[in-house]
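Next comes upload_38.txt, a file with compact mmCIF, C-alpha atoms and all ligand atoms.
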```txt
# COMPACT_ATOMS: atom_id res chain seq x y z
CA MET A 1 -5.32 23.20 48.26
CA ILE A 2 -6.64 20.17 50.11
CA LYS A 3 -5.78 16.90 48.39
CA GLU A 4 -8.44 14.27 48.94
CA ALA A 5 -7.67 10.64 48.24
CA ALA A 6 -10.68 8.34 47.75
CA SER A 7 -10.16 4.67 48.51
CA ILE A 8 -12.24 1.61 49.24
CA ILE A 9 -11.97 0.39 52.81
CA THR A 10 -13.75 -2.18 54.96
CA CYS A 11 -14.35 -1.36 58.59
CA HIS A 12 -12.47 -3.59 61.08
CA ASP A 13 -15.34 -3.38 63.56
CA CYS A 14 -18.48 -3.78 61.43
CA ASP A 15 -17.16 -5.04 58.06
CA LEU A 16 -18.96 -2.38 55.99
CA THR A 17 -17.19 -1.72 52.68
CA GLN A 18 -17.21 1.98 51.97
CA THR A 19 -15.43 4.70 50.05
CA MET A 20 -13.18 6.70 52.29
CA ARG A 21 -12.18 10.24 51.40
CA TYR A 22 -9.12 11.11 53.37
CA SER A 23 -7.01 14.21 53.40
CA PRO A 24 -4.38 14.76 56.08
CA GLU A 25 -5.61 18.30 56.76
CA LYS A 26 -9.22 17.30 57.36
CA GLY A 27 -8.63 14.99 60.29
CA SER A 28 -9.60 11.43 61.05
CA VAL A 29 -12.19 9.52 59.03
CA ARG A 30 -14.83 7.45 60.81
CA CYS A 31 -16.90 4.50 59.63
CA SER A 32 -20.28 5.70 58.37
CA ARG A 33 -22.04 2.85 60.19
CA CYS A 34 -20.31 2.13 63.52
CA ALA A 35 -18.16 5.27 63.91
CA ALA A 36 -14.89 3.31 64.24
CA ILE A 37 -11.83 5.34 63.26
CA LEU A 38 -10.84 4.21 59.75
CA ARG A 39 -7.94 6.60 59.31
CA LYS A 40 -6.30 8.67 62.03
CA ARG A 41 -5.63 12.37 61.67
CA GLN A 42 -1.97 12.92 60.85
CA ARG A 43 -0.24 15.98 62.23
CA ILE A 44 3.06 15.02 60.61
CA LYS A 45 3.67 15.58 56.89
CA PRO A 46 3.69 12.18 55.06
CA GLU A 47 7.21 12.66 53.67
CA LYS A 48 8.54 13.34 57.19
CA ASN A 49 6.62 10.57 58.99
CA ILE A 50 9.37 7.93 59.08
CA GLU A 51 12.11 10.37 60.17
CA HIS A 52 9.87 11.97 62.80
CA THR A 53 8.94 8.59 64.30
CA LEU A 54 12.56 7.42 64.18
CA ALA A 55 13.63 10.47 66.22
CA LEU A 56 10.90 9.70 68.77
CA VAL A 57 11.94 6.03 68.97
CA VAL A 58 15.60 6.91 69.63
CA THR A 59 14.56 9.41 72.33
CA ALA A 60 12.25 6.84 73.91
CA LEU A 61 14.99 4.21 73.98
CA LEU A 62 17.35 6.59 75.81
CA LEU A 63 14.62 7.45 78.31
CA PHE A 64 13.84 3.75 78.71
CA VAL A 65 17.45 2.97 79.67
CA ILE A 66 17.52 5.80 82.26
CA ALA A 67 14.09 4.82 83.63
CA ASN A 68 15.32 1.28 84.23
CA ALA A 69 18.82 2.08 85.49
CA PHE A 70 17.80 4.39 88.33
CA PRO A 71 15.43 3.95 91.30
CA ILE A 72 11.79 4.93 90.85
CA ILE A 73 11.23 5.56 94.55
CA GLN A 74 13.61 5.99 97.48
CA LEU A 75 12.48 5.65 101.07
CA LYS A 76 13.89 6.82 104.37
CA ALA A 77 12.43 5.09 107.42
CA GLU A 78 13.87 4.53 110.92
CA GLY A 79 17.45 5.01 109.74
CA HIS A 80 16.97 2.64 106.79
CA GLU A 81 17.39 3.80 103.23
CA LEU A 82 15.52 1.78 100.62
CA ALA A 83 15.31 2.13 96.85
CA ALA A 84 13.55 0.21 94.11
CA THR A 85 14.15 0.05 90.38
CA LEU A 86 11.71 -1.78 88.13
CA MET A 87 14.08 -4.71 87.80
CA THR A 88 14.45 -5.07 91.59
CA CYS A 89 10.64 -5.28 91.81
CA VAL A 90 10.58 -8.10 89.24
CA HIS A 91 13.49 -9.81 91.00
CA PHE A 92 11.69 -9.52 94.35
CA LEU A 93 8.60 -11.30 92.96
CA PHE A 94 10.77 -13.93 91.32
CA THR A 95 12.62 -14.77 94.54
CA HIS A 96 9.41 -14.77 96.60
CA ASP A 97 7.77 -17.64 94.65
CA MET A 98 5.68 -15.33 92.50
CA VAL A 99 7.16 -16.41 89.17
CA LEU A 100 3.95 -15.91 87.14
CA LEU A 101 3.43 -12.45 88.55
CA ALA A 102 7.11 -11.60 88.01
CA GLY A 103 6.67 -12.63 84.37
CA LEU A 104 3.54 -10.48 83.99
CA VAL A 105 5.16 -7.37 85.54
CA PHE A 106 8.28 -7.93 83.43
CA LEU A 107 6.26 -8.30 80.22
CA THR A 108 3.99 -5.29 80.77
CA CYS A 109 6.60 -2.83 82.11
CA ILE A 110 9.94 -3.86 80.60
CA GLY A 111 9.67 -6.56 77.91
CA ALA A 112 6.78 -5.22 75.81
CA PRO A 113 7.96 -1.58 75.58
CA LEU A 114 11.54 -2.69 74.89
CA ILE A 115 10.53 -5.06 72.07
CA GLN A 116 8.22 -2.37 70.68
CA LEU A 117 10.99 0.24 70.58
CA THR A 118 13.85 -1.97 69.33
CA GLY A 119 11.54 -3.52 66.70
CA LEU A 120 10.59 -0.07 65.40
CA LEU A 121 14.24 1.02 65.40
CA TYR A 122 15.14 -2.09 63.37
CA ILE A 123 12.52 -1.17 60.73
CA LEU A 124 12.73 2.62 60.68
CA LEU A 125 16.50 3.08 60.63
CA PRO A 126 17.10 1.21 57.32
CA LEU A 127 13.98 2.88 55.83
CA HIS A 128 15.51 6.25 56.65
CA PHE A 129 18.52 5.24 54.49
CA ASN A 130 16.16 3.93 51.78
CA HIS A 131 16.81 0.25 52.45
CA SER A 132 14.02 -2.20 53.07
CA PRO A 133 14.87 -4.13 56.26
CA ARG A 134 14.83 -7.93 56.14
CA PHE A 135 11.95 -9.67 57.96
CA ALA A 136 10.15 -6.32 58.29
CA PRO A 137 6.60 -7.81 58.08
CA PRO A 138 6.92 -10.32 60.97
CA ILE A 139 8.81 -7.81 63.10
CA TYR A 140 6.24 -5.07 62.57
CA HIS A 141 3.57 -7.67 63.28
CA LEU A 142 5.30 -8.42 66.61
CA VAL A 143 5.61 -4.70 67.42
CA ARG A 144 1.87 -4.22 66.89
CA ASN A 145 0.90 -7.30 68.91
CA ILE A 146 3.25 -6.73 71.83
CA GLY A 147 2.09 -3.10 72.10
CA PHE A 148 -1.18 -4.52 73.42
CA TRP A 149 0.69 -5.70 76.56
CA SER A 150 2.68 -2.54 77.21
CA MET A 151 1.25 -0.86 80.31
CA LEU A 152 3.60 1.98 81.19
CA GLU A 153 0.80 4.47 81.86
CA VAL A 154 -0.88 2.03 84.26
CA LEU A 155 2.46 1.48 85.99
CA MET A 156 2.78 5.26 86.36
CA LEU A 157 -0.60 5.42 88.11
CA GLY A 158 0.54 2.51 90.31
CA ILE A 159 3.72 4.39 91.22
CA LEU A 160 1.76 7.53 92.15
CA VAL A 161 -0.67 5.52 94.30
CA SER A 162 2.29 3.77 96.00
CA ILE A 163 3.94 7.12 96.75
CA VAL A 164 0.81 8.37 98.51
CA LYS A 165 0.45 5.10 100.45
CA LEU A 166 4.15 4.96 101.37
CA SER A 167 4.29 8.58 102.50
CA ALA A 168 2.14 7.53 105.46
CA LEU A 169 4.94 5.13 106.53
CA ALA A 170 8.18 6.92 105.65
CA THR A 171 9.80 9.83 103.87
CA VAL A 172 9.40 9.24 100.14
CA ILE A 173 11.87 10.67 97.65
CA PRO A 174 10.74 10.30 94.03
CA GLY A 175 13.70 8.93 92.07
CA ILE A 176 15.06 10.21 88.76
CA ALA A 177 13.43 7.25 86.98
CA LEU A 178 9.99 8.54 87.97
CA TRP A 179 10.37 11.75 85.95
CA THR A 180 11.91 9.83 83.07
CA PHE A 181 8.94 7.43 83.10
CA GLY A 182 6.52 10.34 82.89
CA LEU A 183 8.33 11.67 79.82
CA LEU A 184 8.64 8.21 78.28
CA ILE A 185 4.86 7.68 78.46
CA PHE A 186 4.25 10.86 76.44
CA ILE A 187 6.85 9.89 73.83
CA MET A 188 5.45 6.34 73.53
CA ALA A 189 1.94 7.76 73.04
CA ALA A 190 3.29 10.10 70.35
CA ILE A 191 4.96 7.16 68.55
CA VAL A 192 1.73 5.14 68.47
CA ASN A 193 -0.25 8.18 67.39
CA ASP A 194 2.14 9.63 64.80
CA LEU A 195 3.43 6.55 62.99
CA ASP A 196 1.35 6.17 59.83
CA SER A 197 1.39 2.45 59.09
CA ASP A 198 0.08 3.08 55.57
CA ILE A 199 3.20 5.14 54.80
CA LEU A 200 5.38 2.56 56.54
CA TRP A 201 4.03 -0.28 54.39
CA ARG A 202 4.37 1.76 51.21
CA ARG A 203 8.05 2.19 52.08
CA ILE A 204 8.56 -1.49 53.02
CA HIS A 205 6.72 -2.92 49.97
CA PRO A 206 6.34 -0.18 47.38
CA SER A 207 5.08 -2.66 44.75
CA ILE A 208 2.05 -3.94 46.70
CA GLN A 209 -0.55 -1.27 47.31
CA ASN A 210 -4.28 -1.00 47.74
CA GLU A 211 -4.72 0.50 44.28
CA ASN A 212 -3.42 -2.56 42.40
CA ILE A 213 -5.64 -5.16 44.06
CA ASN A 214 -8.30 -6.76 41.89
CA ILE A 215 -11.62 -6.17 43.63
CA SER A 216 -14.10 -7.27 40.98
CA SER A 217 -14.66 -10.83 42.21
CA THR A 218 -18.11 -11.55 43.62
CA GLU A 219 -17.35 -14.85 45.37
CA HIS A 220 -14.95 -13.07 47.62
CA ALA A 221 -15.47 -10.66 50.46
CA LEU A 222 -13.33 -7.55 50.65
CA ILE A 223 -11.49 -7.03 53.87
CA ASN A 224 -8.61 -4.90 54.97
CA CYS A 225 -5.79 -7.01 56.40
CA HIS A 226 -5.92 -6.63 60.15
CA HIS A 227 -2.18 -6.10 60.37
CA CYS A 228 -1.13 -3.97 57.39
CA ASP A 229 -4.53 -2.62 56.25
CA LEU A 230 -4.09 -3.84 52.68
CA LEU A 231 -7.42 -4.31 50.93
CA CYS A 232 -7.73 -7.98 49.98
CA ALA A 233 -10.36 -10.23 48.44
CA VAL A 234 -10.96 -13.17 50.76
CA SER A 235 -12.91 -16.32 50.12
CA ARG A 236 -15.67 -16.85 52.66
CA GLN A 237 -14.66 -20.48 53.03
CA ASP A 238 -10.92 -20.83 53.30
CA ASN A 239 -8.31 -18.62 54.84
CA THR A 240 -5.65 -17.04 52.67
CA GLN A 241 -2.57 -14.99 53.35
CA CYS A 242 -2.11 -11.28 52.95
CA PRO A 243 0.20 -10.70 49.95
CA ARG A 244 1.91 -7.81 51.70
CA CYS A 245 2.55 -8.89 55.31
CA ASN A 246 1.93 -12.67 55.03
CA SER A 247 -0.45 -12.74 57.99
CA ARG A 248 -3.51 -14.99 57.77
CA LEU A 249 -6.63 -13.30 56.47
CA TYR A 250 -9.86 -14.23 58.14
CA PHE A 251 -13.32 -13.40 56.98
CA ARG A 252 -14.12 -13.72 60.71
CA LYS A 253 -11.75 -14.59 63.56
CA PRO A 254 -11.77 -18.43 63.75
CA HIS A 255 -13.80 -19.92 66.63
CA SER A 256 -14.19 -16.40 67.98
CA GLN A 257 -17.27 -17.10 70.10
CA SER A 258 -16.09 -20.32 71.73
CA ARG A 259 -12.57 -19.06 72.41
CA SER A 260 -13.83 -15.80 73.87
CA ALA A 261 -16.45 -17.62 75.99
CA ALA A 262 -13.90 -20.10 77.38
CA LEU A 263 -11.49 -17.30 78.33
CA LEU A 264 -14.31 -15.30 79.87
CA LEU A 265 -15.47 -18.26 81.93
CA ALA A 266 -11.94 -18.82 83.23
CA ALA A 267 -11.76 -15.11 84.14
CA MET A 268 -15.05 -15.36 86.03
CA ILE A 269 -13.74 -18.31 88.05
CA MET A 270 -10.49 -16.49 88.88
CA PHE A 271 -12.49 -13.39 89.86
CA ILE A 272 -13.58 -15.16 93.07
CA PRO A 273 -10.11 -15.86 94.59
CA ALA A 274 -8.96 -12.48 93.23
CA ASN A 275 -11.45 -10.79 95.53
CA VAL A 276 -11.39 -13.18 98.50
CA LEU A 277 -7.65 -13.75 98.90
CA PRO A 278 -5.35 -10.94 100.10
CA VAL A 279 -3.35 -9.02 97.49
CA MET A 280 -0.99 -7.67 100.15
CA VAL A 281 0.12 -9.24 103.44
CA ILE A 282 1.49 -6.72 105.93
CA THR A 283 3.52 -7.85 108.95
CA SER A 284 4.07 -5.05 111.41
CA LEU A 285 5.56 -5.53 114.92
CA GLY A 286 4.75 -9.24 114.93
CA LYS A 287 1.16 -8.76 113.77
CA THR A 288 0.19 -10.10 110.33
CA GLU A 289 -2.73 -8.67 108.39
CA GLY A 290 -3.98 -9.43 104.88
CA ASP A 291 -5.51 -6.80 102.63
CA THR A 292 -7.94 -7.88 99.92
CA ILE A 293 -8.75 -5.50 97.09
CA MET A 294 -11.97 -4.35 98.73
CA SER A 295 -10.51 -3.99 102.24
CA GLY A 296 -7.62 -1.98 100.76
CA VAL A 297 -10.11 0.46 99.25
CA ILE A 298 -12.11 0.63 102.52
CA HIS A 299 -8.94 1.33 104.54
CA LEU A 300 -7.99 4.17 102.25
CA ALA A 301 -11.48 5.66 102.49
CA MET A 302 -11.44 5.32 106.30
CA TYR A 303 -8.18 7.28 106.50
CA GLY A 304 -9.80 10.04 104.47
CA ASP A 305 -7.91 9.29 101.25
CA TRP A 306 -11.05 9.63 99.15
CA PRO A 307 -9.52 10.41 95.74
CA LEU A 308 -7.16 7.43 95.99
CA ALA A 309 -9.89 5.12 97.29
CA PHE A 310 -12.07 6.19 94.36
CA ILE A 311 -9.33 5.58 91.77
CA LEU A 312 -8.61 2.09 93.12
CA PHE A 313 -12.32 1.29 93.43
CA VAL A 314 -12.90 2.18 89.77
CA ALA A 315 -9.72 0.49 88.46
CA SER A 316 -9.80 -2.69 90.53
CA ILE A 317 -13.48 -3.36 91.16
CA CYS A 318 -15.61 -1.50 88.57
CA VAL A 319 -13.38 -2.07 85.52
CA PRO A 320 -13.04 -5.89 85.83
CA LEU A 321 -16.74 -6.28 86.68
CA LEU A 322 -17.76 -4.06 83.78
CA LYS A 323 -15.53 -6.05 81.42
CA LEU A 324 -17.00 -9.37 82.54
CA LEU A 325 -20.55 -8.04 82.16
CA ILE A 326 -20.03 -6.37 78.77
CA LEU A 327 -18.24 -9.37 77.25
CA SER A 328 -20.93 -11.76 78.57
CA MET A 329 -23.65 -9.54 77.14
CA LEU A 330 -21.86 -9.34 73.76
CA LEU A 331 -21.37 -13.10 73.58
CA ILE A 332 -24.98 -13.84 74.53
CA THR A 333 -26.48 -11.30 72.09
CA VAL A 334 -24.29 -12.61 69.26
CA HIS A 335 -25.22 -16.18 70.14
CA ILE A 336 -28.97 -15.53 70.07
CA LYS A 337 -28.49 -13.50 66.85
CA SER A 338 -29.88 -10.35 68.42
CA GLN A 339 -30.18 -7.21 66.28
CA TRP A 340 -30.43 -4.92 69.26
CA ARG A 341 -28.45 -1.65 68.95
CA PRO A 342 -25.39 -2.93 67.06
CA LYS A 343 -23.70 0.50 67.06
CA GLU A 344 -23.90 0.81 70.84
CA ARG A 345 -22.73 -2.77 71.34
CA THR A 346 -19.72 -2.12 69.09
CA ARG A 347 -18.97 0.99 71.17
CA LEU A 348 -19.12 -1.09 74.35
CA TYR A 349 -16.71 -3.58 72.80
CA ARG A 350 -14.25 -0.79 72.02
CA LEU A 351 -14.64 0.42 75.62
CA THR A 352 -13.64 -3.00 77.03
CA GLU A 353 -10.57 -3.02 74.78
CA MET A 354 -9.63 0.45 76.01
CA ILE A 355 -10.12 0.08 79.77
CA GLY A 356 -8.84 -3.49 80.06
CA GLN A 357 -5.34 -2.82 81.27
CA TRP A 358 -6.19 -0.28 83.99
CA SER A 359 -7.09 -2.99 86.50
CA MET A 360 -3.37 -3.86 86.72
CA VAL A 361 -2.90 -0.83 89.02
CA ASP A 362 -3.38 -2.82 92.22
CA ILE A 363 -0.81 -5.41 91.19
CA PHE A 364 1.78 -2.72 90.48
CA VAL A 365 1.04 -1.05 93.83
CA ALA A 366 1.40 -4.32 95.77
CA THR A 367 4.64 -5.17 93.93
CA LEU A 368 6.24 -1.78 94.51
CA MET A 369 5.26 -1.66 98.18
CA ALA A 370 6.46 -5.19 98.83
CA ALA A 371 9.77 -4.62 97.03
CA LEU A 372 10.37 -1.48 99.12
CA ILE A 373 9.05 -2.33 102.58
CA GLN A 374 11.30 -5.11 103.82
CA ILE A 375 12.50 -3.73 107.15
CA GLN A 376 13.21 -6.81 109.25
CA GLY A 377 11.85 -6.61 112.80
CA LEU A 378 9.76 -3.56 111.98
CA MET A 379 7.59 -4.06 108.94
CA THR A 380 7.46 -6.33 105.91
CA ILE A 381 4.97 -6.41 103.06
CA GLU A 382 4.45 -9.50 100.90
CA VAL A 383 2.41 -9.89 97.73
CA GLY A 384 -0.56 -12.18 98.47
CA ALA A 385 -2.03 -15.00 96.38
CA GLY A 386 -4.98 -12.72 95.52
CA ALA A 387 -2.63 -10.68 93.32
CA VAL A 388 -1.84 -13.74 91.19
CA ALA A 389 -5.55 -14.50 90.73
CA PHE A 390 -6.22 -10.85 89.98
CA GLY A 391 -3.43 -10.78 87.38
CA ALA A 392 -5.03 -13.84 85.79
CA VAL A 393 -8.40 -12.03 85.61
CA VAL A 394 -6.80 -9.05 83.85
CA VAL A 395 -4.93 -11.24 81.34
CA LEU A 396 -7.88 -13.57 80.68
CA THR A 397 -10.37 -10.73 80.10
CA MET A 398 -7.90 -8.96 77.80
CA LEU A 399 -7.47 -12.18 75.80
CA ALA A 400 -11.24 -12.77 75.76
CA ALA A 401 -11.79 -9.28 74.33
CA LYS A 402 -9.07 -9.87 71.73
CA ALA A 403 -10.60 -13.21 70.72
CA PHE A 404 -14.05 -11.68 70.20
CA ASP A 405 -14.80 -10.53 66.66
CA PRO A 406 -16.97 -7.36 66.73
CA ARG A 407 -18.03 -7.99 63.13
CA LEU A 408 -20.22 -10.82 64.46
CA ILE A 409 -22.46 -8.15 66.03
CA TRP A 410 -23.30 -6.86 62.54
CA ASP A 411 -23.69 -10.18 60.76
CA ASN A 412 -27.32 -10.70 61.77
CA LYS A 413 -28.19 -7.15 60.84
CA GLU A 414 -26.84 -7.78 57.35
CA LYS A 415 -28.77 -11.03 57.00
CA SER A 416 -32.01 -9.34 58.06
CA ASN A 417 -31.51 -6.60 55.47
CA GLU A 418 -31.02 -9.07 52.62
ZN ZN B 501 -17.75 0.23 61.02
ZN ZN B 502 -1.35 -7.63 55.62
```

Using structure tokens, write down the structure that the file contains.
Amino acid sequence: MIKEAASIITCHDCDLTQTMRYSPEKGSVRCSRCAAILRKRQRIKPEKNIEHTLALVVTALLLFVIANAFPIIQLKAEGHELAATLMTCVHFLFTHDMVLLAGLVFLTCIGAPLIQLTGLLYILLPLHFNHSPRFAPPIYHLVRNIGFWSMLEVLMLGILVSIVKLSALATVIPGIALWTFGLLIFIMAAIVNDLDSDILWRRIHPSIQNENINISSTEHALINCHHCDLLCAVSRQDNTQCPRCNSRLYFRKPHSQSRSAALLLAAMIMFIPANVLPVMVITSLGKTEGDTIMSGVIHLAMYGDWPLAFILFVASICVPLLKLLILSMLLITVHIKSQWRPKERTRLYRLTEMIGQWSMVDIFVATLMAALIQIQGLMTIEVGAGAVAFGAVVVLTMLAAKAFDPRLIWDNKEKSNE
């Protein structure tokens, strides 16, 4: 028999308070107004969720160690043998005056996934033995936030693009870390998908649950805590704390419009040097040539590498442009209190959140190629200043999207209905 649990929930994207009927067998539940996913489908039985995720986390950590200990790519060219691990790539950037870029590559490919996995291990292992870990709320908070910066799947695409590009120059031998990375990406996706945070919170704080919250007050707005999903009554004036995870509860993200607009403007300014300056500087037989993002794509297309040229064109030129345009449009329509197609605008917002990280591909490609191709007297590749500007565009647009509160899109609609 299907067990259906009815609960009150407010949508994170449009703020509509609604009754949600969820049963694990029936699949995910969507918001009746903006179609945001309110509760994911769970393929794992609730009583096995913690143990299942713990097993995945341990497997992922082992794979992570192997993926970082061994070379991703090995090259054989003109009697030279070259190999690069992820850490050598970061070290290369660091020693070539690209400290900011080194930090970004380290965070997105090593730091973020490592913190995510060790943080989850710290919480799940004691829970498995029926102990509540100390400092679980802030650590889980960190795990959720840092996950936003983990870009292993984008790195994988970058590695594949680099292999195709490098095979024109030398014999490429995919290293053991490459296969491990492929596997790790699947396991990480399974962890994010399978871990039921509702079950996790019930195990961490069994006494505080949605059912025992007083929701009769009229001066307060009901919202689900953005971090632990607990239903809370929040005053429209001042900000309070979530009783379960201690994070601040906001009726709307504070200064959402101005923060998002400032970050977007900075991204637009950086977009110019990102496209004008070279991302890669190639010195071959005494001749130095810089490749901008666009000229890189054109070169690939000229050599008949259409699929690769298309992938890089979409990831490095279309995605950032689309993000800048969508975020500008959202900010302007919210500012002029437009009621135009709120559902579609919310969808566009979710799209910018989803595609944001894929523009990092070019930076990973330039880093890998530069770390590998250092054959003195024959050919050297350096990462150009354009890559730093481009990295800034990616980070700034991701932060601008995060600062924007999609519930603002629906606020005017609500006012007009009143
Ligand atoms: Zn909604
Ligand atoms: Zn909370």

query = Which polymer residues have any atom within 10 Å of an atom of segment 391-404 of chain A, counting all atoms listed in the file, with same-chain residues fewer than 5 positions away left out, as an MDAnalysis selection string?
reply = chainID A and resid 100:101 104:105 148:149 252:274 316 319:320 323:324 326:327 330:331 349:350 352:360 362:363 386

key: Contacts with ligand ZN 501 (chain B) at most 9 Å, only C-alpha atoms and all ligand atoms counted, listed as a PyMOL selection string   = chain A and resi 10-17+30-38+343+346+407

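You can rank A:Ala177, A:Leu348, A:His335, A:Leu93 by their closest distance to Leu322 of chain A using all atoms listed in the file, and at the top of that list sits A:Leu348.
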
message = Between A:Leu300, A:Met329, A:Ala233, A:Ile146, which residue has the minimum interatomic distance to ligand ZN 502 (chain B), considering all atoms listed in the file?
response = A:Ala233

request  = Give the residue list for ligand ZN 502 (chain B) at 7 Å, counting all atoms listed in the file, as an MDAnalysis selection string, sorted by chain and then by residue number.
outcome  = chainID A and resid 225:230 242:247

Expected file contents, prior selection, C-alpha atoms, as a PDB file, keeping the file's coordinate frame:
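New file selection24.pdb:
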```pdb
ATOM      1  CA  CYS A 225      -5.790  -7.010  56.400  1.00  0.00           C
ATOM      2  CA  HIS A 226      -5.920  -6.630  60.150  1.00  0.00           C
ATOM      3  CA  HIS A 227      -2.180  -6.100  60.370  1.00  0.00           C
ATOM      4  CA  CYS A 228      -1.130  -3.970  57.390  1.00  0.00           C
ATOM      5  CA  ASP A 229      -4.530  -2.620  56.250  1.00  0.00           C
ATOM      6  CA  LEU A 230      -4.090  -3.840  52.680  1.00  0.00           C
ATOM      7  CA  CYS A 242      -2.110 -11.280  52.950  1.00  0.00           C
ATOM      8  CA  PRO A 243       0.200 -10.700  49.950  1.00  0.00           C
ATOM      9  CA  ARG A 244       1.910  -7.810  51.700  1.00  0.00           C
ATOM     10  CA  CYS A 245       2.550  -8.890  55.310  1.00  0.00           C
ATOM     11  CA  ASN A 246       1.930 -12.670  55.030  1.00  0.00           C
ATOM     12  CA  SER A 247      -0.450 -12.740  57.990  1.00  0.00           C
TER      13      SER A 247
END
```

Please give the centre and size of the box around segment 383-399 of chain A (axis-aligned, containing every atom listed in the file, 4 Å added per side), with values in Å to one decimal and written as AutoDock Vina command-line options.
```
--center_x -4.0 --center_y -12.0 --center_z 87.1 --size_x 20.8 --size_y 14.0 --size_z 30.7
```

query = When distances are computed from only C-alpha atoms, which of A:Tyr303, A:Phe364, A:Tyr250, A:Phe390 shows the smallest separation from Leu157 of chain A?
reply = A:Phe364

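Straight-line separation from atom CA of Asn68 of chain A to atom CA of Ile110 of chain A: 8.3 Å.
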
task = Quote the spacing between atom CA of Leu285 of chain A and atom CA of Lys76 of chain A in Å to one decimal place.
result = 18.3 Å

query = Using all atoms listed in the file, which residues sit within 9 Å of Cys109 of chain A once same-chain residues fewer than 3 positions away are excluded, as a count of residues only?
reply = 12

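Coordinates place atom CA of Leu249 of chain A at a distance of 28.3 Å from atom CA of Trp340 of chain A.
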
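Nearest to Phe70 of chain A of all the residues A:Thr118, A:Val334, A:Trp179, A:Met302 is A:Trp179, based on only C-alpha atoms.
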
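Residues near the point (-10.9, -4.4, 53.8), at a distance of 6 Å or less over all atoms listed in the file, make up A:Ile9, A:Thr10, A:Leu222, A:Ile223, A:Asn224, A:Leu231.
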
Near Asp198 of chain A, within 10 Å and counting only C-alpha atoms, which residues show up once chain neighbours fewer than 4 positions away are dropped, as a CSV table (one decimal) with C-alpha atoms, in the frame of the given file?
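Wrote result.csv, looks like this:
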```csv
chain,number,residue,atom,x,y,z
A,39,ARG,CA,-7.9,6.6,59.3
A,46,PRO,CA,3.7,12.2,55.1
A,202,ARG,CA,4.4,1.8,51.2
A,203,ARG,CA,8.0,2.2,52.1
A,204,ILE,CA,8.6,-1.5,53.0
A,209,GLN,CA,-0.6,-1.3,47.3
A,210,ASN,CA,-4.3,-1.0,47.7
A,228,CYS,CA,-1.1,-4.0,57.4
A,229,ASP,CA,-4.5,-2.6,56.2
A,230,LEU,CA,-4.1,-3.8,52.7
```

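The smallest atom-to-atom distance between Met98 of chain A and any of A:Lys413, A:Ile336, A:Ala389, A:Phe251, using all atoms listed in the file, is found for A:Ala389.
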
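Taking only C-alpha atoms into account, Ile187 of chain A lies nearest to A:Phe64 out of the set A:Phe313, A:Trp410, A:Phe94, A:Phe64.
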
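Residues of protein, DNA and RNA with at least one atom no farther than 12 Å from (13.8, 2.9, 108.7) are, using all atoms listed in the file, Gln74, Leu75, Lys76, Ala77, Glu78, Gly79, His80, Glu81, Leu82, Ala83, Leu169, Ala170, Thr171, Val172, Leu372, Ile373, Gln374, Ile375, Gln376, Gly377, Leu378, Met379 and Thr380 of chain A.
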
request  = Determine, counting all atoms listed in the file, which protein, DNA and RNA residues have an atom within 12 Å of an atom of Arg41 of chain A; residues of the same chain fewer than 6 positions away are not included. Present the result as a list of chain:residue names.
outcome  = A:Tyr22, A:Ser23, A:Pro24, A:Glu25, A:Lys26, A:Gly27, A:Ser28, A:Val29, A:Arg30, A:Asn193, A:Asp194, A:Leu195, A:Asp196

Let me see the file: selected residues, C-alpha atoms, as a PDB file, in the coordinates of the input.
```
ATOM      1  CA  TYR A  22      -9.120  11.110  53.370  1.00  0.00           C
ATOM      2  CA  SER A  23      -7.010  14.210  53.400  1.00  0.00           C
ATOM      3  CA  PRO A  24      -4.380  14.760  56.080  1.00  0.00           C
ATOM      4  CA  GLU A  25      -5.610  18.300  56.760  1.00  0.00           C
ATOM      5  CA  LYS A  26      -9.220  17.300  57.360  1.00  0.00           C
ATOM      6  CA  GLY A  27      -8.630  14.990  60.290  1.00  0.00           C
ATOM      7  CA  SER A  28      -9.600  11.430  61.050  1.00  0.00           C
ATOM      8  CA  VAL A  29     -12.190   9.520  59.030  1.00  0.00           C
ATOM      9  CA  ARG A  30     -14.830   7.450  60.810  1.00  0.00           C
ATOM     10  CA  ASN A 193      -0.250   8.180  67.390  1.00  0.00           C
ATOM     11  CA  ASP A 194       2.140   9.630  64.800  1.00  0.00           C
ATOM     12  CA  LEU A 195       3.430   6.550  62.990  1.00  0.00           C
ATOM     13  CA  ASP A 196       1.350   6.170  59.830  1.00  0.00           C
TER      14      ASP A 196
END
```
